[in-house]
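Taking it in order: structure first as structure tokens, then the write-up.
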Amino acid sequence: ELKKAVAGAKPTLGFSDITLNLPIPHPGKILCVGRNYRAYHEVQEMGKAPQWPSIFGRFVDSFVPHDAPLVKPTESDQLDYEGELAVVIGRAGRHIAEKDALSYVAGYTVLNEGSVRDWANRGTQNCPAKNFWHSGSIGPWIVTADEIPDPSKLHIVTKINGEIRQDGGTDLMIFTIPYVIAHISK
């Protein structure tokens, strides 16, 4: 419908003339999956994948939108990047079957999880290390689910000042997106 509405129209503003907000400014929940890649050092060292996904929450104020500066907390010099795929759930559901899980996805966006590394070892939970104010970013926009029929085959590259720091894909996930949606919906 949007494509029809703007067909033939010319932009009235350039991309540099606007300030983006978070793709979803008031999400009900932001849930993240930790240590979900086979290349993660603990998986390599232990020789086996974990039995369950590591789920933790993020607060909306721990993120900034595209092109907004991250804020390094004064409590640490170890703010680190983590390029991630964010899955945007489009409708409510409980006890979702894994085979039906992708039908609940509205779309996808990119996320820099922004972890404060030396706080990750202060206890057993990821929450403190992942929730410093404006330490991560989301966006710039959401790509609708119909444009990505198979999210298990996405290539993710993270660059800092043009230098590639992460280069991998969703095919390296231990727990698939449908599995994680089904698991969290319980």
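The way I read the labels, and the way they are meant: chains A, B, ... in the order of the structure tokens, residue 1 as the first residue of every chain, and ligand 1 as the first ligand shown, with later ones counted on from there.
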
message = DSSP on the backbone: which residues in segment 60-176 of chain A end up as alpha helix (DSSP H)? Give the answer as JSON, numbers by chain.
response = {"A": [117, 118, 119, 120, 127, 128, 129, 130]}

For those residues, write N, CA, C and O atoms to a file as a short mmCIF file (atom, residue, chain, number, x, y, z; two decimals), in the first residue's frame.
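For reference, out.cif as written:
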data_model
loop_
_atom_site.label_atom_id
_atom_site.label_comp_id
_atom_site.auth_asym_id
_atom_site.auth_seq_id
_atom_site.Cartn_x
_atom_site.Cartn_y
_atom_site.Cartn_z
N ARG A 117 31.99 -4.85 28.56
CA ARG A 117 32.64 -6.14 28.79
C ARG A 117 33.00 -6.42 30.25
O ARG A 117 32.77 -7.52 30.74
N ASP A 118 33.60 -5.47 30.95
CA ASP A 118 34.02 -5.77 32.31
C ASP A 118 32.83 -5.88 33.27
O ASP A 118 32.98 -6.39 34.38
N TRP A 119 31.67 -5.46 32.87
CA TRP A 119 30.47 -5.64 33.70
C TRP A 119 29.81 -6.98 33.42
O TRP A 119 28.96 -7.43 34.20
N ALA A 120 30.17 -7.65 32.34
CA ALA A 120 29.59 -8.96 32.03
C ALA A 120 30.02 -10.01 33.05
O ALA A 120 29.34 -11.01 33.23
N CYS A 127 22.21 -8.78 32.06
CA CYS A 127 21.44 -7.54 32.14
C CYS A 127 22.27 -6.30 32.48
O CYS A 127 22.18 -5.30 31.77
N PRO A 128 23.10 -6.29 33.50
CA PRO A 128 23.86 -5.07 33.80
C PRO A 128 24.80 -4.65 32.67
O PRO A 128 24.89 -3.47 32.34
N ALA A 129 25.48 -5.59 32.06
CA ALA A 129 26.45 -5.28 31.01
C ALA A 129 25.80 -4.81 29.72
O ALA A 129 26.44 -4.19 28.88
N LYS A 130 24.52 -5.07 29.56
CA LYS A 130 23.83 -4.78 28.30
C LYS A 130 22.88 -3.59 28.39
O LYS A 130 22.23 -3.26 27.41
#

Near-segment 169-182 of chain A list (7 Å; only C-alpha atoms; drop same-chain fewer than 3 positions) as a list of chain:residue names = A:Asn36, A:Tyr37, A:Arg38, A:Ala49, A:Pro53, A:His95, A:Ile96, A:Ala97, A:Glu98, A:Ala101, A:Leu102, A:Ser152, A:Lys153, A:Leu154, A:His155, A:Ile156, A:Ser185, A:Lys186

key: Shell of 8 Å around Tyr104 of chain A, only C-alpha atoms, local chain residues under 2 positions omitted, as a ChimeraX atom specification   = /A:89-93,100-102,106

Please provide the set of residues having any atom within 9 Å of Glu84 of chain A, restricted to only C-alpha atoms, with same-chain residues fewer than 6 positions apart removed, written as a short mmCIF file (atom, residue, chain, number, x, y, z; two decimals) with N, CA, C and O atoms, in the first residue's frame.
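And here is the file that came out, around35.cif:
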data_model
loop_
_atom_site.label_atom_id
_atom_site.label_comp_id
_atom_site.auth_asym_id
_atom_site.auth_seq_id
_atom_site.Cartn_x
_atom_site.Cartn_y
_atom_site.Cartn_z
N THR A 109 15.49 -5.80 11.63
CA THR A 109 16.35 -4.63 11.57
C THR A 109 17.71 -5.03 12.12
O THR A 109 17.91 -6.17 12.55
N VAL A 110 18.64 -4.10 12.08
CA VAL A 110 19.97 -4.38 12.61
C VAL A 110 20.10 -3.73 13.99
O VAL A 110 19.40 -2.77 14.31
N LEU A 111 21.01 -4.29 14.76
CA LEU A 111 21.17 -3.84 16.13
C LEU A 111 22.64 -3.94 16.51
O LEU A 111 23.28 -4.94 16.19
N ASN A 112 23.17 -2.92 17.13
CA ASN A 112 24.49 -2.98 17.74
C ASN A 112 24.21 -3.15 19.22
O ASN A 112 23.77 -2.22 19.89
N GLU A 113 24.44 -4.36 19.71
CA GLU A 113 24.04 -4.66 21.09
C GLU A 113 24.81 -3.84 22.12
O GLU A 113 24.30 -3.58 23.19
N ILE A 156 25.84 -10.98 8.00
CA ILE A 156 25.96 -9.84 8.91
C ILE A 156 27.42 -9.42 8.97
O ILE A 156 28.31 -10.23 9.26
N THR A 158 29.88 -6.33 10.59
CA THR A 158 30.00 -5.18 11.50
C THR A 158 31.32 -4.49 11.20
O THR A 158 32.37 -5.13 11.18
#

task = From a DSSP pass on the backbone, collect the residues of chain A flagged as strand (DSSP E or B) and hand them back as number ranges by chain.
result = A: 31-34, 37, 54-57, 63-65, 79-80, 83-89, 105-112, 115-116, 136-138, 143-144, 155-160, 163-169, 173

Would you put the residues from that selection into a file with C-alpha atoms, as an mmCIF file, in the first residue's frame?
data_model
loop_
_atom_site.group_PDB
_atom_site.id
_atom_site.type_symbol
_atom_site.label_atom_id
_atom_site.label_comp_id
_atom_site.auth_asym_id
_atom_site.auth_seq_id
_atom_site.Cartn_x
_atom_site.Cartn_y
_atom_site.Cartn_z
ATOM 1 C CA LEU A 31 14.483 -9.759 24.541
ATOM 2 C CA CYS A 32 17.943 -10.800 23.424
ATOM 3 C CA VAL A 33 19.622 -14.153 22.961
ATOM 4 C CA GLY A 34 23.169 -14.385 24.239
ATOM 5 C CA TYR A 37 26.685 -18.386 17.599
ATOM 6 C CA SER A 54 20.500 -17.490 27.179
ATOM 7 C CA ILE A 55 17.641 -14.946 27.223
ATOM 8 C CA PHE A 56 17.960 -11.482 28.759
ATOM 9 C CA GLY A 57 16.062 -8.230 28.562
ATOM 10 C CA PHE A 63 19.480 2.134 22.643
ATOM 11 C CA VAL A 64 19.874 5.101 20.313
ATOM 12 C CA PRO A 65 18.573 5.367 16.742
ATOM 13 C CA LEU A 79 32.129 -0.588 25.649
ATOM 14 C CA ASP A 80 32.207 -3.100 22.822
ATOM 15 C CA GLY A 83 26.361 -6.581 15.326
ATOM 16 C CA GLU A 84 23.104 -8.509 15.556
ATOM 17 C CA LEU A 85 19.911 -9.249 13.669
ATOM 18 C CA ALA A 86 16.819 -7.934 15.478
ATOM 19 C CA VAL A 87 13.554 -9.773 14.889
ATOM 20 C CA VAL A 88 10.454 -7.597 15.206
ATOM 21 C CA ILE A 89 7.406 -9.536 16.374
ATOM 22 C CA VAL A 105 7.467 -11.812 12.513
ATOM 23 C CA ALA A 106 6.641 -8.336 11.185
ATOM 24 C CA GLY A 107 10.183 -7.682 10.035
ATOM 25 C CA TYR A 108 13.874 -7.379 10.793
ATOM 26 C CA THR A 109 16.352 -4.630 11.574
ATOM 27 C CA VAL A 110 19.974 -4.377 12.610
ATOM 28 C CA LEU A 111 21.168 -3.844 16.134
ATOM 29 C CA ASN A 112 24.490 -2.984 17.741
ATOM 30 C CA SER A 115 28.165 -4.578 25.694
ATOM 31 C CA VAL A 116 30.193 -3.244 28.591
ATOM 32 C CA GLY A 136 23.562 0.227 21.828
ATOM 33 C CA SER A 137 21.783 1.198 18.630
ATOM 34 C CA ILE A 138 18.907 -0.025 16.486
ATOM 35 C CA VAL A 143 12.682 -4.590 6.529
ATOM 36 C CA THR A 144 9.335 -6.380 6.321
ATOM 37 C CA HIS A 155 25.011 -12.203 6.066
ATOM 38 C CA ILE A 156 25.964 -9.843 8.911
ATOM 39 C CA VAL A 157 29.011 -7.583 8.721
ATOM 40 C CA THR A 158 29.998 -5.183 11.497
ATOM 41 C CA LYS A 159 32.439 -2.391 10.686
ATOM 42 C CA ILE A 160 34.082 0.207 12.890
ATOM 43 C CA GLU A 163 37.299 -1.845 9.327
ATOM 44 C CA ILE A 164 35.470 -5.199 9.344
ATOM 45 C CA ARG A 165 35.230 -6.523 12.911
ATOM 46 C CA GLN A 166 32.543 -9.199 12.501
ATOM 47 C CA ASP A 167 31.739 -11.163 9.365
ATOM 48 C CA GLY A 168 29.332 -14.051 9.613
ATOM 49 C CA GLY A 169 25.736 -14.977 9.238
ATOM 50 C CA MET A 173 23.197 -19.574 15.044
#

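For the pair atom CA of Ser62 of chain A and atom CA of Ala39 of chain A, the interatomic distance is 26.0 Å.
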